[in-house]
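What's in protein-v4.cif: mmCIF, C-alpha atoms and all ligand atoms
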data_input
#
loop_
_atom_site.label_atom_id
_atom_site.label_comp_id
_atom_site.auth_asym_id
_atom_site.auth_seq_id
_atom_site.Cartn_x
_atom_site.Cartn_y
_atom_site.Cartn_z
CA MET A 1 140.98 -101.97 110.06
CA LEU A 2 137.63 -100.16 109.79
CA GLU A 3 137.67 -96.51 108.72
CA VAL A 4 134.40 -94.61 108.82
CA THR A 5 134.71 -91.12 107.34
CA ASN A 6 132.12 -88.33 107.34
CA LEU A 7 129.25 -90.82 107.34
CA THR A 8 125.92 -89.08 106.78
CA ARG A 9 122.38 -90.35 106.26
CA PHE A 10 119.08 -88.56 105.82
CA TYR A 11 115.55 -89.94 106.11
CA GLY A 12 113.69 -87.42 103.97
CA ASP A 13 114.78 -84.04 105.33
CA TYR A 14 115.82 -85.46 108.68
CA CYS A 15 119.54 -85.97 109.23
CA ALA A 16 119.74 -89.19 111.29
CA VAL A 17 123.54 -89.54 111.06
CA ASP A 18 125.58 -86.37 110.70
CA ASP A 19 129.21 -86.46 109.58
CA VAL A 20 130.39 -89.32 111.80
CA SER A 21 134.05 -90.40 111.56
CA PHE A 22 136.01 -92.97 113.54
CA SER A 23 138.39 -95.85 112.96
CA ALA A 24 138.98 -99.11 114.82
CA LYS A 25 140.97 -102.30 114.48
CA PRO A 26 140.62 -106.02 115.33
CA GLY A 27 141.13 -106.67 119.02
CA GLU A 28 138.97 -103.71 120.02
CA ILE A 29 135.48 -103.77 121.51
CA LEU A 30 133.67 -100.52 120.73
CA GLY A 31 130.56 -99.56 122.68
CA LEU A 32 128.04 -97.47 120.76
CA LEU A 33 125.91 -95.47 123.18
CA GLY A 34 123.15 -92.96 122.68
CA HIS A 35 119.60 -92.14 123.64
CA ASN A 36 116.68 -93.62 121.69
CA GLY A 37 116.69 -92.28 118.15
CA ALA A 38 120.30 -91.02 118.37
CA GLY A 39 121.29 -92.78 115.15
CA LYS A 40 123.10 -95.92 116.38
CA THR A 41 121.09 -98.44 114.34
CA THR A 42 121.41 -96.30 111.22
CA ILE A 43 125.20 -96.26 111.66
CA MET A 44 125.32 -100.03 112.18
CA LYS A 45 123.10 -100.64 109.15
CA MET A 46 125.37 -98.51 106.97
CA ILE A 47 128.54 -100.25 108.16
CA SER A 48 126.97 -103.64 107.56
CA GLY A 49 125.86 -102.65 104.05
CA PHE A 50 122.10 -102.81 104.71
CA LEU A 51 121.69 -99.09 104.15
CA GLU A 52 123.51 -96.77 101.77
CA PRO A 53 125.08 -93.61 103.17
CA ASP A 54 124.12 -90.30 101.56
CA ALA A 55 127.66 -89.08 102.08
CA GLY A 56 130.92 -90.34 103.51
CA SER A 57 132.78 -93.60 103.17
CA ILE A 58 133.35 -96.90 104.93
CA ARG A 59 136.61 -98.71 104.31
CA PHE A 60 137.51 -102.12 105.66
CA ASP A 61 141.04 -103.48 105.27
CA GLY A 62 141.74 -100.66 102.85
CA GLN A 63 138.82 -101.43 100.52
CA ASP A 64 135.91 -99.07 99.95
CA CYS A 65 132.78 -100.94 101.09
CA THR A 66 130.37 -98.55 99.41
CA ASP A 67 131.71 -99.81 96.05
CA THR A 68 132.18 -103.44 97.07
CA PRO A 69 129.78 -104.30 99.91
CA GLN A 70 130.39 -108.05 99.27
CA HIS A 71 134.00 -107.65 100.45
CA LEU A 72 132.81 -106.59 103.90
CA GLN A 73 129.73 -108.80 104.06
CA GLN A 74 131.80 -111.98 103.80
CA GLN A 75 133.79 -110.87 106.82
CA LEU A 76 130.86 -109.53 108.78
CA GLY A 77 128.73 -110.97 111.57
CA TYR A 78 125.67 -108.86 112.30
CA LEU A 79 123.06 -109.20 115.01
CA PRO A 80 120.38 -106.63 114.13
CA GLU A 81 117.94 -105.12 116.59
CA SER A 82 115.13 -107.39 115.44
CA LEU A 83 116.49 -110.51 113.91
CA PRO A 84 114.57 -111.89 110.94
CA VAL A 85 114.80 -115.53 112.08
CA TYR A 86 112.72 -118.22 110.43
CA PRO A 87 110.44 -119.53 113.21
CA GLU A 88 109.66 -122.87 111.63
CA LEU A 89 113.33 -123.80 111.06
CA THR A 90 115.19 -125.78 113.69
CA VAL A 91 118.28 -124.18 115.24
CA ALA A 92 120.48 -126.60 113.27
CA ASN A 93 118.78 -125.83 109.94
CA TYR A 94 118.90 -122.09 110.55
CA LEU A 95 122.61 -122.11 111.43
CA ASP A 96 123.29 -124.33 108.42
CA TYR A 97 121.57 -121.70 106.26
CA ALA A 98 123.52 -118.87 107.96
CA ALA A 99 126.80 -120.74 107.30
CA ASP A 100 125.82 -121.20 103.61
CA ILE A 101 125.28 -117.45 103.27
CA LYS A 102 128.80 -116.86 104.59
CA GLY A 103 130.13 -119.19 101.90
CA LEU A 104 131.18 -121.96 104.30
CA SER A 105 131.01 -125.58 103.23
CA GLY A 106 132.20 -129.09 104.14
CA ASP A 107 134.28 -129.55 107.27
CA ARG A 108 134.80 -125.78 107.69
CA LYS A 109 131.05 -125.31 107.87
CA ILE A 110 130.56 -128.08 110.43
CA GLN A 111 133.40 -126.75 112.55
CA ALA A 112 132.10 -123.16 112.35
CA ILE A 113 128.58 -124.24 113.44
CA GLN A 114 129.99 -126.30 116.30
CA GLN A 115 132.07 -123.34 117.51
CA ALA A 116 129.11 -120.95 117.37
CA LEU A 117 126.96 -123.48 119.26
CA ALA A 118 129.59 -123.89 121.95
CA VAL A 119 130.01 -120.13 122.41
CA THR A 120 126.28 -119.54 122.72
CA ASP A 121 125.61 -122.72 124.71
CA LEU A 122 122.88 -123.86 122.33
CA SER A 123 123.80 -127.50 121.73
CA ASP A 124 120.76 -128.82 123.64
CA THR A 125 118.32 -126.96 121.40
CA LEU A 126 119.78 -128.06 118.08
CA HIS A 127 116.69 -129.89 116.83
CA LYS A 128 114.04 -127.57 118.25
CA PRO A 129 112.10 -125.21 115.95
CA ILE A 130 113.08 -121.61 116.69
CA GLN A 131 109.46 -120.64 117.39
CA THR A 132 109.40 -122.96 120.42
CA LEU A 133 112.40 -121.28 122.08
CA SER A 134 112.20 -118.66 124.83
CA ARG A 135 113.25 -115.08 124.06
CA GLY A 136 116.70 -115.55 125.64
CA TYR A 137 117.38 -118.68 123.57
CA ARG A 138 116.21 -116.94 120.38
CA GLN A 139 118.64 -114.13 121.18
CA ARG A 140 121.41 -116.71 121.50
CA VAL A 141 120.47 -118.11 118.08
CA GLY A 142 120.84 -114.56 116.74
CA VAL A 143 124.28 -114.20 118.26
CA ALA A 144 125.26 -117.68 116.99
CA GLN A 145 124.41 -116.78 113.37
CA ALA A 146 126.38 -113.53 113.75
CA ILE A 147 129.58 -115.20 114.93
CA ILE A 148 129.58 -118.21 112.63
CA GLY A 149 132.91 -118.47 110.84
CA LYS A 150 134.61 -116.01 113.24
CA PRO A 151 134.08 -112.89 111.09
CA LYS A 152 136.66 -110.11 111.30
CA LEU A 153 133.98 -107.53 112.04
CA ILE A 154 131.16 -108.37 114.46
CA ILE A 155 128.31 -105.88 114.97
CA LEU A 156 125.94 -106.69 117.79
CA ASP A 157 122.82 -104.63 118.55
CA GLU A 158 121.88 -105.27 122.21
CA PRO A 159 123.55 -108.71 122.36
CA THR A 160 122.53 -109.56 125.94
CA ASN A 161 118.91 -108.51 125.48
CA GLY A 162 116.63 -111.11 127.10
CA LEU A 163 119.42 -113.18 128.66
CA ASP A 164 119.40 -114.22 132.31
CA PRO A 165 122.32 -113.08 134.54
CA SER A 166 124.39 -116.25 134.13
CA GLN A 167 123.92 -116.13 130.36
CA ILE A 168 124.87 -112.47 130.31
CA GLU A 169 128.17 -113.36 131.96
CA HIS A 170 128.65 -116.26 129.55
CA MET A 171 127.91 -113.99 126.56
CA ARG A 172 130.27 -111.28 127.79
CA ASN A 173 133.08 -113.81 128.12
CA ALA A 174 132.28 -115.07 124.63
CA ILE A 175 132.42 -111.53 123.21
CA ARG A 176 135.79 -110.93 124.91
CA ALA A 177 137.11 -114.13 123.36
CA LEU A 178 135.76 -113.18 119.91
CA ALA A 179 137.46 -109.79 120.15
CA GLU A 180 140.87 -111.44 120.33
CA ASN A 181 140.84 -111.71 116.54
CA SER A 182 137.94 -109.50 115.49
CA LEU A 183 136.69 -105.98 115.83
CA VAL A 184 133.46 -106.00 117.85
CA ILE A 185 131.04 -103.06 117.75
CA LEU A 186 128.17 -103.33 120.17
CA SER A 187 125.24 -101.10 120.79
CA THR A 188 123.57 -101.19 124.15
CA HIS A 189 121.48 -99.10 126.53
CA ILE A 190 123.19 -100.72 129.49
CA LEU A 191 126.08 -98.57 130.67
CA GLN A 192 127.42 -101.35 132.89
CA GLU A 193 127.72 -103.49 129.77
CA VAL A 194 130.01 -100.92 128.16
CA GLU A 195 132.05 -100.61 131.35
CA ALA A 196 132.35 -104.40 131.67
CA LEU A 197 133.21 -105.12 128.06
CA CYS A 198 134.40 -102.22 125.98
CA ASP A 199 137.81 -100.72 125.34
CA ARG A 200 136.32 -97.62 123.83
CA VAL A 201 133.03 -95.77 123.89
CA LEU A 202 131.41 -93.78 121.11
CA ILE A 203 128.52 -91.62 122.30
CA ILE A 204 126.11 -90.58 119.56
CA SER A 205 123.92 -87.57 120.21
CA HIS A 206 121.38 -86.33 117.66
CA GLY A 207 123.21 -88.14 114.87
CA LYS A 208 126.63 -86.67 115.72
CA LEU A 209 129.61 -88.38 117.32
CA ALA A 210 129.82 -86.51 120.64
CA VAL A 211 132.46 -88.63 122.43
CA ASP A 212 135.12 -91.04 121.19
CA GLU A 213 137.23 -92.04 124.18
CA SER A 214 138.97 -95.07 125.57
CA LEU A 215 137.55 -96.28 128.88
CA PRO A 216 140.79 -95.61 130.81
CA GLN A 217 140.86 -92.06 129.34
CA LEU A 218 137.26 -91.62 130.34
CA ARG A 219 137.92 -92.70 133.90
CA GLN A 220 140.62 -90.09 134.39
CA SER A 221 139.52 -87.58 136.93
CA ASP A 222 138.41 -84.22 135.60
CA GLN A 223 136.59 -83.01 138.69
CA LEU A 224 137.74 -81.64 142.00
CA ALA A 225 135.80 -81.56 145.26
CA VAL A 226 136.98 -78.54 147.22
CA LYS A 227 135.99 -78.00 150.86
CA THR A 228 136.30 -74.32 151.75
CA ASN A 229 134.53 -71.42 153.48
CA LEU A 230 134.82 -69.33 150.28
CA PRO A 231 131.40 -67.76 149.71
CA GLU A 232 129.62 -68.81 146.51
CA SER A 233 129.58 -65.33 144.99
CA ASP A 234 133.41 -65.14 145.12
CA ALA A 235 133.98 -68.82 144.41
CA ARG A 236 132.49 -68.77 140.92
CA LYS A 237 134.57 -65.76 139.88
CA ILE A 238 137.81 -67.10 141.37
CA PHE A 239 137.53 -70.69 140.14
CA MET A 240 136.52 -69.79 136.60
CA LEU A 241 139.88 -68.01 136.28
CA GLU A 242 141.68 -71.24 137.22
CA GLY A 243 140.56 -73.56 134.41
CA VAL A 244 137.20 -74.56 135.89
CA ALA A 245 134.37 -75.05 133.39
CA GLN A 246 131.47 -75.57 135.80
CA MET A 247 130.85 -75.37 139.52
CA GLU A 248 128.16 -76.81 141.76
CA SER A 249 127.67 -76.47 145.51
CA ILE A 250 128.16 -79.56 147.66
CA GLU A 251 128.16 -79.95 151.44
CA GLY A 252 130.99 -77.81 152.83
CA GLY A 253 132.21 -76.59 149.46
CA TYR A 254 132.02 -77.05 145.71
CA ARG A 255 132.44 -79.61 142.96
CA LEU A 256 134.50 -78.20 140.12
CA GLN A 257 134.31 -79.54 136.60
CA LEU A 258 137.60 -78.87 134.81
CA HIS A 259 137.90 -77.92 131.17
CA GLN A 260 138.79 -80.85 128.89
CA HIS A 261 142.51 -81.69 128.74
CA GLN A 262 143.23 -79.79 131.95
CA ASN A 263 145.83 -81.50 134.09
CA PRO A 264 143.91 -82.21 137.36
CA GLU A 265 147.05 -81.96 139.54
CA GLN A 266 148.01 -78.55 138.18
CA ALA A 267 144.41 -77.34 138.39
CA ALA A 268 144.20 -78.53 142.03
CA HIS A 269 147.37 -76.60 142.82
CA ARG A 270 145.99 -73.40 141.27
CA VAL A 271 142.59 -73.82 142.99
CA ALA A 272 144.27 -74.27 146.42
CA GLU A 273 146.47 -71.23 145.88
CA ALA A 274 143.50 -69.13 144.77
CA VAL A 275 141.48 -70.01 147.91
CA ILE A 276 144.37 -69.14 150.27
CA LYS A 277 145.40 -66.02 148.32
CA ASN A 278 141.88 -64.65 148.65
CA GLY A 279 142.04 -65.01 152.43
CA HIS A 280 139.79 -68.08 152.87
CA GLN A 281 140.35 -71.47 154.41
CA LEU A 282 140.90 -74.72 152.53
CA PHE A 283 139.62 -77.80 154.44
CA GLY A 284 139.99 -80.37 151.70
CA LEU A 285 140.73 -80.92 148.02
CA MET A 286 140.02 -84.26 146.33
CA PRO A 287 140.08 -85.36 142.67
CA GLU A 288 136.88 -87.14 141.61
CA LYS A 289 136.68 -89.69 138.82
CA ARG A 290 134.22 -89.25 135.98
CA THR A 291 131.75 -92.05 135.50
CA LEU A 292 130.35 -93.18 132.19
CA GLU A 293 126.89 -92.48 133.53
CA ALA A 294 127.74 -88.86 134.42
CA LEU A 295 129.36 -88.32 131.03
CA PHE A 296 126.37 -89.84 129.24
CA HIS A 297 123.95 -87.56 131.07
CA GLN A 298 126.19 -84.57 130.45
CA ILE A 299 126.28 -85.28 126.70
CA THR A 300 122.77 -86.47 126.02
CA GLY A 301 120.94 -84.72 128.84
CA SER A 302 118.63 -87.71 129.07
CA LEU A 303 118.33 -90.83 131.12
CA THR A 304 119.51 -94.19 129.97
CA SER A 305 118.74 -97.49 131.59
CA THR A 306 120.70 -99.26 134.24
CA ALA A 307 120.99 -103.02 133.86
CA GLU A 308 118.41 -103.43 136.59
CA GLU A 309 115.88 -101.16 134.89
CA VAL A 310 116.36 -103.01 131.61
CA ARG A 311 115.85 -106.36 133.35
CA LYS A 312 112.68 -105.12 135.05
CA GLU A 313 111.40 -103.94 131.67
CA GLU A 314 112.22 -107.33 130.18
CA LEU A 315 110.43 -109.17 132.98
CA SER A 316 107.33 -107.08 132.39
CA HIS A 317 107.46 -108.13 128.71
CA ALA A 318 108.32 -111.76 129.50
CA GLU A 319 106.29 -114.31 127.67
N1 LIG A 401 113.23 -95.91 108.01
C1 LIG A 401 113.17 -94.73 108.62
N2 LIG A 401 112.45 -93.71 108.13
C2 LIG A 401 112.40 -92.49 108.71
N3 LIG A 401 113.07 -92.19 109.86
C3 LIG A 401 113.81 -93.17 110.41
C4 LIG A 401 113.90 -94.48 109.83
N4 LIG A 401 114.70 -95.24 110.62
C5 LIG A 401 115.10 -94.43 111.63
N5 LIG A 401 114.56 -93.20 111.50
C6 LIG A 401 114.78 -92.06 112.41
O1 LIG A 401 116.18 -91.78 112.44
C7 LIG A 401 116.59 -91.48 113.77
C8 LIG A 401 117.70 -92.42 114.19
O2 LIG A 401 117.13 -93.73 114.31
P1 LIG A 401 117.98 -94.98 114.78
O3 LIG A 401 117.09 -96.18 114.70
O4 LIG A 401 119.25 -95.03 114.01
O5 LIG A 401 118.29 -94.60 116.30
P2 LIG A 401 118.87 -95.51 117.48
O6 LIG A 401 119.95 -94.70 118.12
O7 LIG A 401 119.26 -96.85 116.97
O8 LIG A 401 117.62 -95.62 118.46
P3 LIG A 401 117.18 -96.81 119.48
O9 LIG A 401 118.13 -96.76 120.63
O10 LIG A 401 115.80 -96.38 119.87
O11 LIG A 401 117.22 -98.10 118.72
C9 LIG A 401 115.33 -91.54 114.64
O12 LIG A 401 114.83 -90.23 114.78
C10 LIG A 401 114.39 -92.41 113.84
O13 LIG A 401 113.04 -92.05 114.09
#
Step by step, read the file and then write its structure as structure tokens.
Amino acid sequence: MLEVTNLTRFYGDYCAVDDVSFSAKPGEILGLLGHNGAGKTTIMKMISGFLEPDAGSIRFDGQDCTDTPQHLQQQLGYLPESLPVYPELTVANYLDYAADIKGLSGDRKIQAIQQALAVTDLSDTLHKPIQTLSRGYRQRVGVAQAIIGKPKLIILDEPTNGLDPSQIEHMRNAIRALAENSLVILSTHILQEVEALCDRVLIISHGKLAVDESLPQLRQSDQLAVKTNLPESDARKIFMLEGVAQMESIEGGYRLQLHQHQNPEQAAHRVAEAVIKNGHQLFGLMPEKRTLEALFHQITGSLTSTAEEVRKEELSHAE
């Protein structure tokens, strides 16, 4: 069990991570989302012991990791944003070194390397120097070193970065399999990745934890599309009295954003009654599901990348 409490980190006067708290357990895949500079990497570096928090605590399996970072590091697999790989080493030598660092030896070490190679589909490149590999293969080496020895906590910063579509699918399946016994925290700019993989999403905005919700919770509808001849001037006044937080005009009516924790069925009932009671006609009333993309824009007010945009960007940077 990971328990992050009131985690805070400054760079000089700038508060990059501001009082973030959450907890998670093995079996979960947590998606860390946020715009550039939101504080995701700083959070991941603190959890993995690479950066000290200014305030707050990180506990893993009941032990305080600020006092004993070694306790967590032996159970941690970490793929940082830019992996400090050793270009002249072969894949085999590098993974051997990574296994040594995790304290593996003998048959356990061989087995752990073989498992990591199988998961990342790297067996063919075993004797190649890392510097001769393409970007996608280097990324796979990074993931392989992170998952060696099946750590209980796996932190992956943009794990599918640089992979082709079939490898992305392969990697996602591998992450799902790893999460059967481990807690996986992954940071990504690709919303579809979170939707495809994660059980829970944490949205970080300006260093603060803005959303901590399970994906099923997130997909619950909290909007209503109401088709009516109610004029806009009356509509705003009437709907705001019925638990509506925001309203926008759509063709033939309005889209109503409900306040958090409103029951959509009860709100729909009240909205319908209010339209009729005020002498107008109701042509339709439909619940609408929230999407992760809409929520992200609502929270961060900025654009993030779709998988396609990220791939285009990668192609333009391709070697
Ligand atoms: N070493 C540092 N010194 C000073 N400021 C830093 C340092 N590292 C990060 N920051 C600042 O802290 C804030 C959070 O950075 P962080 O790298 O954690 O964001 P992020 O969410 O991971 O962004 P990205 O998605 O671009 O990787 C940013 O404003 C960044 O400029």
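Between atom CA of Asp19 of chain A and atom CA of Gly207 of chain A the interatomic distance comes to 8.2 Å.
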- prompt: Separation of atom CA of Gly77 of chain A and atom CA of Ser182 of chain A, in Å?
  reply: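 So the two atoms, atom CA of Gly77 of chain A and atom CA of Ser182 of chain A, lie 10.1 Å apart.
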message: Around ligand LIG 401 (chain A), which protein and nucleic acid residues have at least one atom no more than 6 Å from it, if we count all atoms listed in the file? List them as a list in words.
response: Tyr11, Ala16, Gly34, His35, Asn36, Gly37, Ala38, Gly39, Lys40, Thr41 and Thr42 of chain A
- request: Compare A:Asp64, A:Asp164, A:Asp107, A:Asp199 by their minimum atom-to-atom distance to Leu183 of chain A, counting all atoms listed in the file, and give me the closest one.
  value: A:Asp199
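The shortest atom-to-atom distance to Ser48 of chain A, with only C-alpha atoms taken into account, belongs to A:Ile185 out of A:Ile185, A:Ala92, A:Ile101, A:Ala118.
Reported to one decimal place, the separation of atom CA of Ile130 of chain A from atom CA of Gly106 of chain A is 24.1 Å.
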field: Nearest-residue call for Leu224 of chain A, choices A:Gln167, A:Thr160, A:Gln262, A:Ser105, using only C-alpha atoms
entry: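 When distances to Leu224 of chain A are compared using only C-alpha atoms, the smallest one comes from A:Gln262.
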task: Could you tell me which of A:Ile204, A:Leu285, A:Val91, A:Leu33 comes closest to Ala225 of chain A if we count only C-alpha atoms?
output: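 The shortest atom-to-atom distance to Ala225 of chain A comes from A:Leu285.
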query: Pick the closest to Ala112 of chain A from A:Ile147, A:Ile299, A:Val275, A:Leu230: which is it, counting only C-alpha atoms?
result: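 Selected residue with least distance to Ala112 of chain A: A:Ile147.
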- prompt: Using all atoms listed in the file, can you list as JSON, numbers by chain the residues within 12 Å of (122.3, -123.4, 109.3)?
  reply: {"A": [85, 86, 89, 90, 91, 92, 93, 94, 95, 96, 97, 98, 99, 100, 101, 102, 103, 104, 105, 109, 110, 112, 113, 114, 116, 117, 126, 127, 130, 141, 142, 144, 145, 146, 148, 149]}
